[in-house]
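Here's structure-v8.cif, which has mmCIF, C-alpha atoms and all ligand atoms:
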```cif
data_protein
#
loop_
_atom_site.label_atom_id
_atom_site.label_comp_id
_atom_site.auth_asym_id
_atom_site.auth_seq_id
_atom_site.Cartn_x
_atom_site.Cartn_y
_atom_site.Cartn_z
CA MET A 1 88.83 130.57 125.93
CA ILE A 2 85.78 132.49 127.10
CA ILE A 3 84.88 135.45 124.97
CA GLU A 4 81.79 137.18 126.30
CA GLN A 5 79.01 136.35 123.90
CA LYS A 6 78.43 139.67 122.27
CA GLN A 7 79.05 139.53 118.57
CA HIS A 8 80.98 142.75 118.37
CA ILE A 9 83.48 141.44 120.91
CA ASP A 10 84.19 138.37 118.81
CA LYS A 11 84.80 140.64 115.91
CA ILE A 12 86.96 143.08 117.85
CA LEU A 13 88.99 141.07 120.33
CA ILE A 14 89.75 137.83 118.56
CA PRO A 15 91.41 139.40 115.51
CA VAL A 16 93.52 141.64 117.75
CA LEU A 17 94.60 138.83 120.08
CA ARG A 18 95.32 136.53 117.16
CA GLU A 19 98.05 138.95 116.08
CA VAL A 20 99.88 138.66 119.40
CA SER A 21 102.40 135.83 119.45
CA ASP A 22 104.77 134.11 121.83
CA PRO A 23 108.06 136.08 121.55
CA GLU A 24 110.01 132.83 121.63
CA ILE A 25 107.85 131.09 119.02
CA PRO A 26 106.76 133.98 116.80
CA VAL A 27 104.70 131.78 114.47
CA LEU A 28 102.41 130.76 117.30
CA SER A 29 99.52 133.07 118.18
CA ILE A 30 98.77 133.27 121.90
CA LEU A 31 95.25 132.09 121.05
CA ASP A 32 96.60 128.93 119.44
CA MET A 33 98.95 128.43 122.36
CA GLY A 34 95.98 128.46 124.73
CA VAL A 35 97.37 130.99 127.18
CA VAL A 36 94.44 133.41 126.86
CA ARG A 37 91.76 132.24 129.27
CA SER A 38 89.21 135.02 128.85
CA ALA A 39 88.78 138.44 127.34
CA ILE A 40 85.89 140.79 128.03
CA ILE A 41 85.08 144.43 127.40
CA LYS A 42 83.79 146.30 130.43
CA ASN A 43 83.09 150.05 130.26
CA ASN A 44 85.23 150.32 127.16
CA LYS A 45 88.12 148.68 128.98
CA VAL A 46 89.33 145.21 128.06
CA GLU A 47 90.09 142.67 130.75
CA VAL A 48 92.27 139.81 129.57
CA LYS A 49 93.22 136.80 131.66
CA ILE A 50 96.29 134.83 130.66
CA THR A 51 97.91 131.77 132.20
CA PRO A 52 101.63 130.92 132.13
CA THR A 53 102.86 127.83 130.30
CA TYR A 54 105.63 127.35 132.91
CA SER A 55 105.91 129.27 136.20
CA GLY A 56 109.19 130.86 135.25
CA CYS A 57 108.31 131.55 131.63
CA PRO A 58 109.98 134.91 130.91
CA ALA A 59 107.71 135.35 127.89
CA MET A 60 104.66 136.03 130.05
CA ASP A 61 105.63 139.61 130.94
CA VAL A 62 106.31 140.35 127.29
CA ILE A 63 103.03 138.73 126.21
CA GLY A 64 101.15 140.87 128.74
CA ASP A 65 102.78 144.04 127.38
CA ASP A 66 102.17 142.97 123.77
CA ILE A 67 98.47 142.39 124.49
CA LYS A 68 98.15 145.86 125.99
CA LEU A 69 99.96 147.40 123.06
CA ALA A 70 97.89 145.57 120.44
CA LEU A 71 94.64 146.56 122.14
CA LYS A 72 95.80 150.12 122.56
CA GLU A 73 96.38 150.32 118.81
CA ALA A 74 92.82 149.04 118.39
CA GLY A 75 91.64 151.85 120.67
CA TYR A 76 91.24 150.06 123.97
CA GLU A 77 92.81 150.36 127.38
CA ALA A 78 93.54 146.88 128.62
CA GLU A 79 94.23 145.20 131.91
CA VAL A 80 96.05 141.88 131.85
CA GLN A 81 95.76 139.51 134.75
CA LEU A 82 97.84 136.39 135.30
CA VAL A 83 95.84 133.41 136.55
CA LEU A 84 97.37 130.11 137.70
CA SER A 85 94.30 127.96 138.01
CA PRO A 86 93.41 125.81 136.16
CA ALA A 87 97.02 125.12 135.24
CA TRP A 88 97.96 125.33 131.57
CA THR A 89 98.31 122.07 129.70
CA THR A 90 99.66 121.29 126.22
CA ASP A 91 96.14 120.02 125.43
CA TRP A 92 95.18 123.67 125.04
CA ILE A 93 97.45 124.11 122.02
CA THR A 94 95.06 124.10 119.06
CA GLU A 95 95.43 122.03 115.89
CA ALA A 96 96.48 125.17 114.05
CA GLY A 97 99.04 125.77 116.78
CA ARG A 98 100.43 122.26 116.49
CA SER A 99 100.97 122.53 112.76
CA ALA A 100 102.51 126.00 113.18
CA LEU A 101 104.98 124.52 115.67
CA LYS A 102 105.89 121.70 113.32
CA LYS A 103 106.41 124.03 110.41
CA TYR A 104 108.64 126.18 112.59
CA GLY A 105 110.84 123.18 113.43
CA ILE A 106 109.46 122.24 116.82
CA ALA A 107 107.91 118.79 117.15
CA PRO A 108 104.47 119.18 118.79
CA PRO A 109 103.75 117.42 122.11
CA LEU A 110 102.79 113.74 122.15
CA GLU A 111 100.21 112.25 124.51
CA ALA A 112 101.35 111.85 128.13
CA GLU A 113 102.33 108.17 128.00
CA ALA A 114 104.11 108.44 124.66
CA ASP A 115 105.86 111.58 125.92
CA LYS A 116 107.26 109.69 128.89
CA GLU A 117 108.54 106.88 126.68
CA ALA A 118 110.15 109.39 124.33
CA LEU A 119 111.82 111.34 127.12
CA LEU A 120 113.14 108.23 128.79
CA GLY A 121 114.64 107.25 125.45
CA ASN A 122 112.65 104.01 125.38
CA LYS A 123 110.93 104.50 122.05
CA LYS A 124 111.77 106.34 118.86
CA ILE A 125 108.49 108.15 118.31
CA VAL A 126 109.31 111.84 118.00
CA ASN A 127 109.44 112.62 114.30
CA CYS A 128 112.21 114.82 112.92
CA THR A 129 110.79 118.19 111.88
CA ASN A 130 113.31 118.40 109.06
CA CYS A 131 112.99 115.03 107.25
CA GLY A 132 110.11 113.33 109.07
CA SER A 133 112.17 110.33 110.15
CA SER A 134 111.36 108.69 113.46
CA ASN A 135 114.99 107.59 113.80
CA THR A 136 115.61 110.30 116.38
CA LYS A 137 117.14 110.42 119.83
CA LEU A 138 116.87 112.54 122.95
CA VAL A 139 119.85 114.79 123.56
CA SER A 140 118.56 116.63 126.61
CA GLN A 141 115.28 116.68 128.55
CA PHE A 142 115.64 120.44 128.73
CA GLY A 143 116.06 122.42 125.55
CA SER A 144 116.38 126.07 124.62
CA THR A 145 113.45 126.93 126.91
CA ALA A 146 111.86 125.12 129.86
CA CYS A 147 108.96 123.88 127.73
CA LYS A 148 111.12 122.07 125.21
CA ALA A 149 113.46 119.07 125.05
CA LEU A 150 116.33 118.74 122.60
CA PHE A 151 116.33 115.92 120.05
CA LYS A 152 118.61 114.91 117.21
CA CYS A 153 117.74 113.10 114.02
CA ASP A 154 119.98 110.12 113.24
CA ASP A 155 119.03 110.18 109.55
CA CYS A 156 119.50 113.81 108.50
CA LEU A 157 121.60 114.63 111.59
CA GLU A 158 119.69 117.86 112.32
CA PRO A 159 119.01 118.79 115.94
CA PHE A 160 115.48 119.97 116.73
CA ASP A 161 113.26 120.94 119.65
CA TYR A 162 110.38 118.87 120.97
CA PHE A 163 107.59 120.63 122.86
CA LYS A 164 107.14 118.53 126.01
CA CYS A 165 103.75 117.28 127.04
CA LEU A 166 102.47 119.04 130.13
CA LYS A 167 99.34 117.76 131.82
CA MET B 1 94.97 131.81 160.07
CA GLU B 2 96.33 135.32 160.47
CA ASN B 3 98.14 136.88 157.53
CA LYS B 4 101.45 137.15 159.38
CA ASP B 5 101.41 133.42 160.16
CA LEU B 6 100.45 132.54 156.62
CA VAL B 7 103.34 134.65 155.32
CA GLN B 8 105.74 132.71 157.56
CA TYR B 9 104.31 129.47 156.25
CA ILE B 10 104.81 130.66 152.66
CA TYR B 11 108.45 131.59 153.40
CA GLY B 12 109.00 128.05 154.66
CA ILE B 13 108.05 126.72 151.25
CA ALA B 14 109.11 129.47 148.86
CA ASP B 15 112.55 130.15 150.34
CA ASN B 16 113.58 126.60 149.43
CA ALA B 17 112.71 127.30 145.80
CA LEU B 18 114.41 130.70 145.85
CA ILE B 19 117.67 129.58 147.44
CA LEU B 20 117.98 126.40 145.40
CA GLY B 21 117.17 128.41 142.28
CA GLN B 22 119.95 130.84 143.21
CA ARG B 23 122.44 128.00 143.73
CA LEU B 24 121.60 126.51 140.35
CA SER B 25 121.80 129.87 138.63
CA GLU B 26 125.45 130.09 139.71
CA LEU B 27 126.07 127.28 137.22
CA CYS B 28 124.73 129.23 134.25
CA GLY B 29 127.51 128.98 131.68
CA HIS B 30 129.53 126.69 133.96
CA GLY B 31 127.74 123.35 133.52
CA PRO B 32 129.89 120.32 132.68
CA ASN B 33 128.46 120.31 129.15
CA LEU B 34 125.93 122.34 127.20
CA GLU B 35 122.89 120.11 127.75
CA THR B 36 123.41 119.83 131.50
CA ASP B 37 124.07 123.53 131.75
CA ILE B 38 120.76 124.26 130.02
CA ALA B 39 118.90 121.72 132.13
CA LEU B 40 120.17 123.11 135.43
CA THR B 41 119.40 126.70 134.50
CA ASN B 42 115.94 125.69 133.27
CA ILE B 43 115.28 124.05 136.63
CA SER B 44 116.52 127.23 138.27
CA LEU B 45 114.11 129.25 136.15
CA ASP B 46 111.18 127.00 137.10
CA LEU B 47 112.06 127.47 140.76
CA PHE B 48 112.28 131.25 140.41
CA GLY B 49 108.92 131.23 138.64
CA GLN B 50 107.36 129.30 141.49
CA THR B 51 109.03 131.64 143.98
CA ARG B 52 107.50 134.64 142.25
CA SER B 53 104.01 133.17 142.51
CA TYR B 54 104.48 132.56 146.25
CA PHE B 55 106.07 135.95 146.88
CA GLN B 56 103.44 137.89 144.96
CA TYR B 57 100.93 136.27 147.27
CA ALA B 58 103.05 136.96 150.37
CA ALA B 59 103.50 140.60 149.35
CA GLN B 60 99.76 140.96 148.94
CA LEU B 61 99.20 139.49 152.42
CA LEU B 62 101.79 141.82 153.92
CA GLY B 63 100.12 144.87 152.41
CA GLU B 64 101.77 148.27 153.00
CA ASP B 65 102.91 148.45 149.36
CA LYS B 66 105.24 145.49 149.79
CA THR B 67 106.40 143.90 146.54
CA GLU B 68 107.77 140.49 145.57
CA ASP B 69 111.21 142.10 145.26
CA ASP B 70 111.12 143.32 148.88
CA VAL B 71 110.26 139.84 149.99
CA ALA B 72 112.92 138.18 147.86
CA PHE B 73 115.81 140.57 148.40
CA LEU B 74 115.36 142.71 151.47
CA ARG B 75 115.22 140.26 154.30
CA THR B 76 118.14 139.49 156.57
CA GLU B 77 119.69 136.05 156.85
CA ARG B 78 117.69 135.07 159.93
CA GLN B 79 114.45 135.88 158.12
CA TYR B 80 115.00 133.28 155.38
CA LYS B 81 113.35 129.99 156.33
CA ASN B 82 114.81 127.57 153.77
CA VAL B 83 116.21 124.22 154.86
CA LEU B 84 119.99 123.84 155.13
CA LEU B 85 120.06 121.32 152.28
CA VAL B 86 119.27 123.82 149.52
CA GLU B 87 121.91 126.38 150.54
CA GLN B 88 124.78 123.87 150.34
CA PRO B 89 127.31 124.86 147.67
CA ASN B 90 127.88 123.38 144.20
CA THR B 91 131.02 121.62 145.39
CA ASN B 92 131.14 119.53 142.23
CA PHE B 93 128.60 118.12 139.76
CA ALA B 94 127.89 115.12 142.01
CA TYR B 95 126.97 117.46 144.89
CA THR B 96 124.71 119.50 142.64
CA ILE B 97 122.90 116.36 141.49
CA ALA B 98 122.68 114.76 144.95
CA ARG B 99 121.32 117.98 146.48
CA GLN B 100 118.79 118.26 143.67
CA PHE B 101 117.67 114.66 143.96
CA LEU B 102 117.35 114.73 147.77
CA PHE B 103 115.27 117.90 147.48
CA ASP B 104 113.17 116.91 144.43
CA VAL B 105 111.80 113.76 146.07
CA PHE B 106 110.66 115.86 149.02
CA HIS B 107 109.45 118.76 146.86
CA LEU B 108 107.23 116.58 144.70
CA SER B 109 105.57 114.91 147.67
CA LEU B 110 105.08 118.28 149.40
CA LEU B 111 103.33 119.67 146.31
CA GLU B 112 101.21 116.55 145.87
CA ASN B 113 99.79 117.32 149.29
CA LEU B 114 99.75 121.10 149.00
CA GLN B 115 97.45 120.84 145.99
CA ASN B 116 94.71 119.86 148.46
CA SER B 117 95.28 122.99 150.56
CA SER B 118 92.14 124.87 151.57
CA ASP B 119 93.97 128.05 150.52
CA ALA B 120 93.02 128.64 146.88
CA THR B 121 96.24 130.41 145.91
CA LEU B 122 98.63 127.85 147.42
CA ASN B 123 96.47 125.15 145.94
CA ALA B 124 96.81 126.67 142.45
CA ILE B 125 100.57 127.26 142.75
CA ALA B 126 101.05 123.64 143.84
CA LYS B 127 99.03 122.29 140.92
CA LYS B 128 101.07 124.40 138.53
CA SER B 129 104.47 123.57 140.07
CA ILE B 130 103.90 119.85 140.40
CA LYS B 131 104.17 119.37 136.64
CA GLU B 132 107.52 121.15 136.56
CA VAL B 133 108.94 119.37 139.59
CA SER B 134 108.12 115.96 138.09
CA TYR B 135 110.58 116.82 135.33
CA HIS B 136 113.18 117.99 137.84
CA LEU B 137 113.00 114.68 139.67
CA ARG B 138 113.25 112.72 136.46
CA PHE B 139 116.40 114.67 135.58
CA SER B 140 118.13 114.40 138.97
CA GLY B 141 117.09 110.77 139.52
CA ASP B 142 118.45 109.78 136.09
CA TRP B 143 121.75 111.44 136.86
CA VAL B 144 122.09 109.77 140.27
CA LYS B 145 121.68 106.46 138.48
CA ARG B 146 124.11 107.36 135.70
CA LEU B 147 126.79 108.50 138.11
CA GLY B 148 126.22 105.68 140.59
CA ASP B 149 126.18 102.98 137.98
CA GLY B 150 128.85 104.72 135.88
CA THR B 151 132.62 104.68 136.27
CA GLU B 152 134.57 104.05 139.43
CA ILE B 153 135.23 107.75 139.87
CA SER B 154 131.66 108.89 139.17
CA LYS B 155 130.38 106.34 141.65
CA GLN B 156 132.84 107.43 144.30
CA LYS B 157 131.93 111.09 143.80
CA ILE B 158 128.16 110.68 143.94
CA GLN B 159 128.45 108.39 146.97
CA GLU B 160 130.58 111.01 148.71
CA ALA B 161 128.03 113.73 147.89
CA VAL B 162 125.07 111.66 149.09
CA ASN B 163 126.92 110.84 152.31
CA ALA B 164 127.79 114.49 152.92
CA LEU B 165 124.28 115.81 152.26
CA TRP B 166 122.39 113.05 154.04
CA ARG B 167 122.64 114.87 157.36
CA TYR B 168 120.46 117.68 156.00
CA THR B 169 117.54 115.46 154.97
CA ASP B 170 115.86 114.99 158.35
CA GLU B 171 115.17 118.72 158.65
CA LEU B 172 112.79 118.53 155.68
CA PHE B 173 110.28 116.85 157.98
CA HIS B 174 110.48 119.15 161.01
CA LEU B 175 107.46 121.34 161.71
CA THR B 176 107.91 124.98 162.68
CA GLU B 177 105.31 126.89 164.68
CA ALA B 178 104.03 128.41 161.44
CA ASP B 179 103.79 124.93 159.91
CA LYS B 180 101.73 123.68 162.85
CA VAL B 181 99.28 126.56 162.62
CA ALA B 182 98.96 126.04 158.87
CA VAL B 183 98.38 122.30 159.28
CA GLU B 184 95.68 122.95 161.86
CA GLY B 185 93.99 125.39 159.49
CA ARG B 186 94.08 122.73 156.73
CA ILE B 187 96.17 125.15 154.71
CA GLY B 188 99.55 123.54 155.23
CA VAL B 189 101.06 120.09 154.79
CA ASP B 190 102.15 118.00 157.76
CA THR B 191 105.58 117.12 156.37
CA SER B 192 106.35 114.82 159.31
CA GLN B 193 103.90 112.42 157.69
CA LEU B 194 105.91 112.35 154.47
CA LYS B 195 109.13 111.11 156.03
CA ASP B 196 108.80 107.32 155.74
CA ALA B 197 107.69 107.40 152.12
CA TYR B 198 110.53 109.82 151.35
CA TYR B 199 113.30 107.59 152.66
CA GLU B 200 111.71 104.59 151.02
CA LYS B 201 111.70 106.30 147.64
CA VAL B 202 115.20 107.74 148.00
CA GLU B 203 116.68 104.47 149.19
CA GLU B 204 115.04 102.54 146.38
CA LEU B 205 116.67 104.75 143.78
CA LEU B 206 120.05 104.73 145.54
CA GLN B 207 119.97 100.95 145.45
CA GLU B 208 119.09 101.01 141.79
CA ALA B 209 122.10 103.29 141.33
CA THR B 210 124.22 100.64 143.11
CA LEU B 211 124.98 103.11 145.90
CA THR B 212 125.20 102.51 149.63
CA ILE B 213 122.57 104.06 151.87
CA PRO B 214 124.33 106.29 154.40
CA GLU B 215 124.11 105.30 158.03
CA GLU B 216 124.31 108.81 159.38
CA LYS B 217 122.94 109.06 162.89
CA TYR B 218 123.55 112.76 163.41
CA PHE B 219 121.31 115.19 161.53
CA GLN B 220 121.72 118.94 161.23
CA LYS B 221 118.88 121.41 161.41
CA GLY B 222 118.27 125.13 161.88
CA GLY B 223 117.43 126.61 158.49
CA LYS B 224 113.72 126.55 159.15
CA GLN B 225 114.34 128.68 162.23
CA GLY B 226 116.56 131.01 160.25
CA VAL B 227 119.80 129.64 161.67
CA HIS B 228 121.82 128.86 158.57
CA THR B 229 125.18 127.34 157.65
CA GLU B 230 128.09 129.65 156.86
CA HIS B 231 127.36 129.32 153.12
CA MET B 232 124.13 131.29 153.37
CA GLY B 233 125.72 134.69 154.06
CA TYR B 234 127.84 134.51 150.91
CA LEU B 235 124.87 133.37 148.85
CA LEU B 236 122.73 136.27 150.09
CA ALA B 237 125.51 138.82 149.56
CA ASP B 238 125.63 137.76 145.94
CA MET B 239 121.86 137.52 145.50
CA GLN B 240 120.98 140.80 147.24
CA TYR B 241 123.78 142.91 145.83
CA MET B 242 121.82 144.51 142.98
CA GLN B 243 118.74 145.35 145.03
CA ARG B 244 120.86 146.81 147.86
CA ALA B 245 123.07 148.78 145.49
CA TYR B 246 120.18 150.04 143.35
CA PRO B 247 117.14 150.18 145.64
CA ASN B 248 113.72 149.59 144.06
CA MET B 249 115.01 147.98 140.89
CA LYS B 250 112.67 145.30 139.55
CA TRP B 251 113.13 141.68 138.44
ZN ZN A 301 115.76 114.24 110.09
#
```
Whole structure given in structure tokens:
Amino acid sequence: MIIEQKQHIDKILIPVLREVSDPEIPVLSILDMGVVRSAIIKNNKVEVKITPTYSGCPAMDVIGDDIKLALKEAGYEAEVQLVLSPAWTTDWITEAGRSALKKYGIAPPLEAEADKEALLGNKKIVNCTNCGSSNTKLVSQFGSTACKALFKCDDCLEPFDYFKCLK
Amino acid sequence: MENKDLVQYIYGIADNALILGQRLSELCGHGPNLETDIALTNISLDLFGQTRSYFQYAAQLLGEDKTEDDVAFLRTERQYKNVLLVEQPNTNFAYTIARQFLFDVFHLSLLENLQNSSDATLNAIAKKSIKEVSYHLRFSGDWVKRLGDGTEISKQKIQEAVNALWRYTDELFHLTEADKVAVEGRIGVDTSQLKDAYYEKVEELLQEATLTIPEEKYFQKGGKQGVHTEHMGYLLADMQYMQRAYPNMKW
């Protein structure tokens, strides 16, 4: 993310944006999800650029509104712009984001090759978020939202989501 | 390229996503089981998302306060430029899967080329959509194989669906006037060049699925010119109802 290099902006914008989360994964800040591409203050107005995870992600409209609301409470008018390029990738989820996902019960994305193997059901490499076992199997390539696949653990029998790799 | 031509070119691409998305959305809550139901509606959602990106761009090119909703909902049947394939009904699960597979193979190769478009917006939408469509193809291709190489009945049904929809595949590679202008301007993709690779890929998977490749000699066309099959009117009546009944409502 590009934050214009003026110290006061770091101090003002980052803490506000960190409080905004994905409505479908409330433990994940939009900063850790990597959807905020830039944020600058111009003439006391904040311009924020965000990028969608998936084209049809219904969370984007809500995220845009939440950003405006959070900045308004901090005393700023904000304009939120949706940018498509460069396209979002799961590589932009931060380490903090990955562990937040795991804690929440969503297995974080694997690397591209491993992801393919896991989604084709060739290898048991997605670890259960409940018991940690790798004795898991794919139930559906599409889960509760477009960005997730549904898995089931064959040891503890719990179903769980896997955040698909997108590159 | 003039804006009005570019808008026509965009309709030629985006209407496929819109109409197929609409067809799939009809299955929401009606899928054969929970996982498939979720998968099909997620694919629908991806397609609607892509449609929105294209239509926001089209609305901007049209000017005069046009919005993405006007573009999506307030055209007449003849003004929709989707291919006949995507408007075909969800006759049964095999038809839904065959239609999806026959479109996905084309869609992916279209986007692979569109990502080199000299138009920055189309270029960006293609790069974004390509990742989603790869998943769609994986899903539909897997199911063609499962049904084809499944039970006697599943094989018979998917073969029947492939045979029935085969006649709509040739149209994918026809160029409209708008397509030709866009190709000349290095904005659009010359889909006629994608045809051989398409049939090669489709036939390879059908063989893997132990299915017979149809020998259809007669192909149907017309959607790209706005001349649709009888199914389209019913689909639009359903899709446009809310916007016609409550003008100016938003997605
Ligand atoms: Zn477990």
Which stretch 72-160 of chain B residues have any atom within 9 Å of an atom of stretch 22-35 of chain B, and for each, what is the nearest pair of atoms with distance in Å to one decimal, counting all atoms listed in the file, rows sorted by chain and number, as CSV?
```
residue,atom,partner,partner_atom,distance
B:Val86,CA,B:Arg23,CA,7.8
B:Glu87,CA,B:Arg23,CA,7.0
B:Gln88,CA,B:Arg23,CA,8.1
B:Pro89,CA,B:Arg23,CA,7.0
B:Asn90,CA,B:Arg23,CA,7.2
B:Phe93,CA,B:Pro32,CA,7.5
B:Thr96,CA,B:Leu24,CA,8.0
```
Name the residues, by chain letter and number, that sit within 6 Å of ligand ZN 301 (chain A) using all atoms listed in the file, and give them as a PyMOL selection string. chain A and resi 128+130-133+153+155-156+158
Residue list for chain A near chain B as a PyMOL selection string, 10 Å, only C-alpha atoms: chain A and resi 52-58+83-89+119-120+139-147+149-150+165-167
How far is it from atom CA of A:Ile125 to atom CA of A:Phe163, in Å with one decimal?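 Atom-to-atom, atom CA of A:Ile125 to atom CA of A:Phe163, that is 13.3 Å.
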Give me the residues within 12 Å of A:Ser99 as a ChimeraX atom specification, counting all atoms listed in the file and dropping any in the same chain fewer than 2 places off. /A:27-29,32-33,93-97,101-109,129
Find the residues around B:Val71 up to 12 Å (only C-alpha atoms counted), leave out those fewer than 6 positions away in its own chain, and share them as a list in words.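 The residues that qualify are Val7, Gln8, Ile10, Tyr11, Ala14, Asp15, Leu18, Thr51, Arg52, Ser53, Tyr54, Phe55, Gln56, Tyr57, Ala58, Ala59, Gln60, Leu61, Leu62, Gly63, Asp65, Gln79, Tyr80, Gln240, Gln243 and Asn248 of chain B.
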Write the residues of the selection above to a file with C-alpha atoms, as a compact mmCIF listing (two decimals), in the coordinates of the input.
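Once written, again.txt looks like this:
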```
# COMPACT_ATOMS: atom_id res chain seq x y z
CA VAL B 7 103.34 134.65 155.32
CA GLN B 8 105.74 132.71 157.56
CA ILE B 10 104.81 130.66 152.66
CA TYR B 11 108.45 131.59 153.40
CA ALA B 14 109.11 129.47 148.86
CA ASP B 15 112.55 130.15 150.34
CA LEU B 18 114.41 130.70 145.85
CA THR B 51 109.03 131.64 143.98
CA ARG B 52 107.50 134.64 142.25
CA SER B 53 104.01 133.17 142.51
CA TYR B 54 104.48 132.56 146.25
CA PHE B 55 106.07 135.95 146.88
CA GLN B 56 103.44 137.89 144.96
CA TYR B 57 100.93 136.27 147.27
CA ALA B 58 103.05 136.96 150.37
CA ALA B 59 103.50 140.60 149.35
CA GLN B 60 99.76 140.96 148.94
CA LEU B 61 99.20 139.49 152.42
CA LEU B 62 101.79 141.82 153.92
CA GLY B 63 100.12 144.87 152.41
CA ASP B 65 102.91 148.45 149.36
CA GLN B 79 114.45 135.88 158.12
CA TYR B 80 115.00 133.28 155.38
CA GLN B 240 120.98 140.80 147.24
CA GLN B 243 118.74 145.35 145.03
CA ASN B 248 113.72 149.59 144.06
```
In Å to one decimal, how far is atom CA of B:Asp69 from atom CA of A:Leu71?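 Pair atom CA of A:Leu71 / atom CA of B:Asp69 returns 28.8 Å.
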Between atom CA of B:Lys221 and atom CA of B:Glu160, distance in Å (one decimal):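 Going from atom CA of B:Lys221 over to atom CA of B:Glu160 covers 20.2 Å.
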Compute the distance from (124.5, 102.4, 140.4) to each atom, counting all atoms listed in the file, keep the residues with any atom at most 6 Å away, and return them as a PyMOL selection string; use the coordinates of the file. chain B and resi 145+148-149+208-211
Report as JSON, numbers by chain all protein, DNA and RNA residues lying within 12 Å of A:Asn43, evaluated on all atoms listed in the file, omitting residues in the same chain fewer than 2 positions from it. {"A": [40, 41, 45, 46, 47, 76, 77, 78]}
Taking (114.0, 133.3, 159.5) as a centre in this file's frame and 7 Å as the limit, can you find every polymer residue with an atom that close, using all atoms listed in the file, and give them as a ChimeraX atom specification? /B:77-81,224-226
Can those selected residues be exported to a file as a PDB file, in the coordinates of the input so that it contains C-alpha atoms?
```
ATOM      1  CA  GLU B  77     119.690 136.050 156.850  1.00  0.00           C
ATOM      2  CA  ARG B  78     117.690 135.070 159.930  1.00  0.00           C
ATOM      3  CA  GLN B  79     114.450 135.880 158.120  1.00  0.00           C
ATOM      4  CA  TYR B  80     115.000 133.280 155.380  1.00  0.00           C
ATOM      5  CA  LYS B  81     113.350 129.990 156.330  1.00  0.00           C
ATOM      6  CA  LYS B 224     113.720 126.550 159.150  1.00  0.00           C
ATOM      7  CA  GLN B 225     114.340 128.680 162.230  1.00  0.00           C
ATOM      8  CA  GLY B 226     116.560 131.010 160.250  1.00  0.00           C
TER       9      GLY B 226
END
```
Taking 6 positions as the minimum chain separation for residues in the same chain, which residues sit within 12 Å of B:Leu74 when counting all atoms listed in the file? Answer as a VMD selection string. chain B and resid 66 to 68 80 236 to 237 239 to 249
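With only C-alpha atoms as the basis for measurement, B:Tyr9 is the residue among B:Tyr9, B:Ile213, B:Ala161, B:Lys4 that approaches B:Lys180 most closely.
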How big is the axis-aligned box around all listed atoms of stretch 167-184 of chain B once 3 Å goes on each side, and where's its centre, in Å to one decimal, as lines of an AutoDock Vina configuration file?
```
center_x = 109.2
center_y = 121.6
center_z = 159.8
size_x = 33.0
size_y = 19.5
size_z = 15.7
```
For each of A:Val80, A:Leu110, A:Ile14, A:Leu138, take the minimum atom-to-atom distance to A:Asn122, counting all atoms listed in the file, then give the residue where this is smallest.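 Under the stated criterion, the closest residue is A:Leu138.
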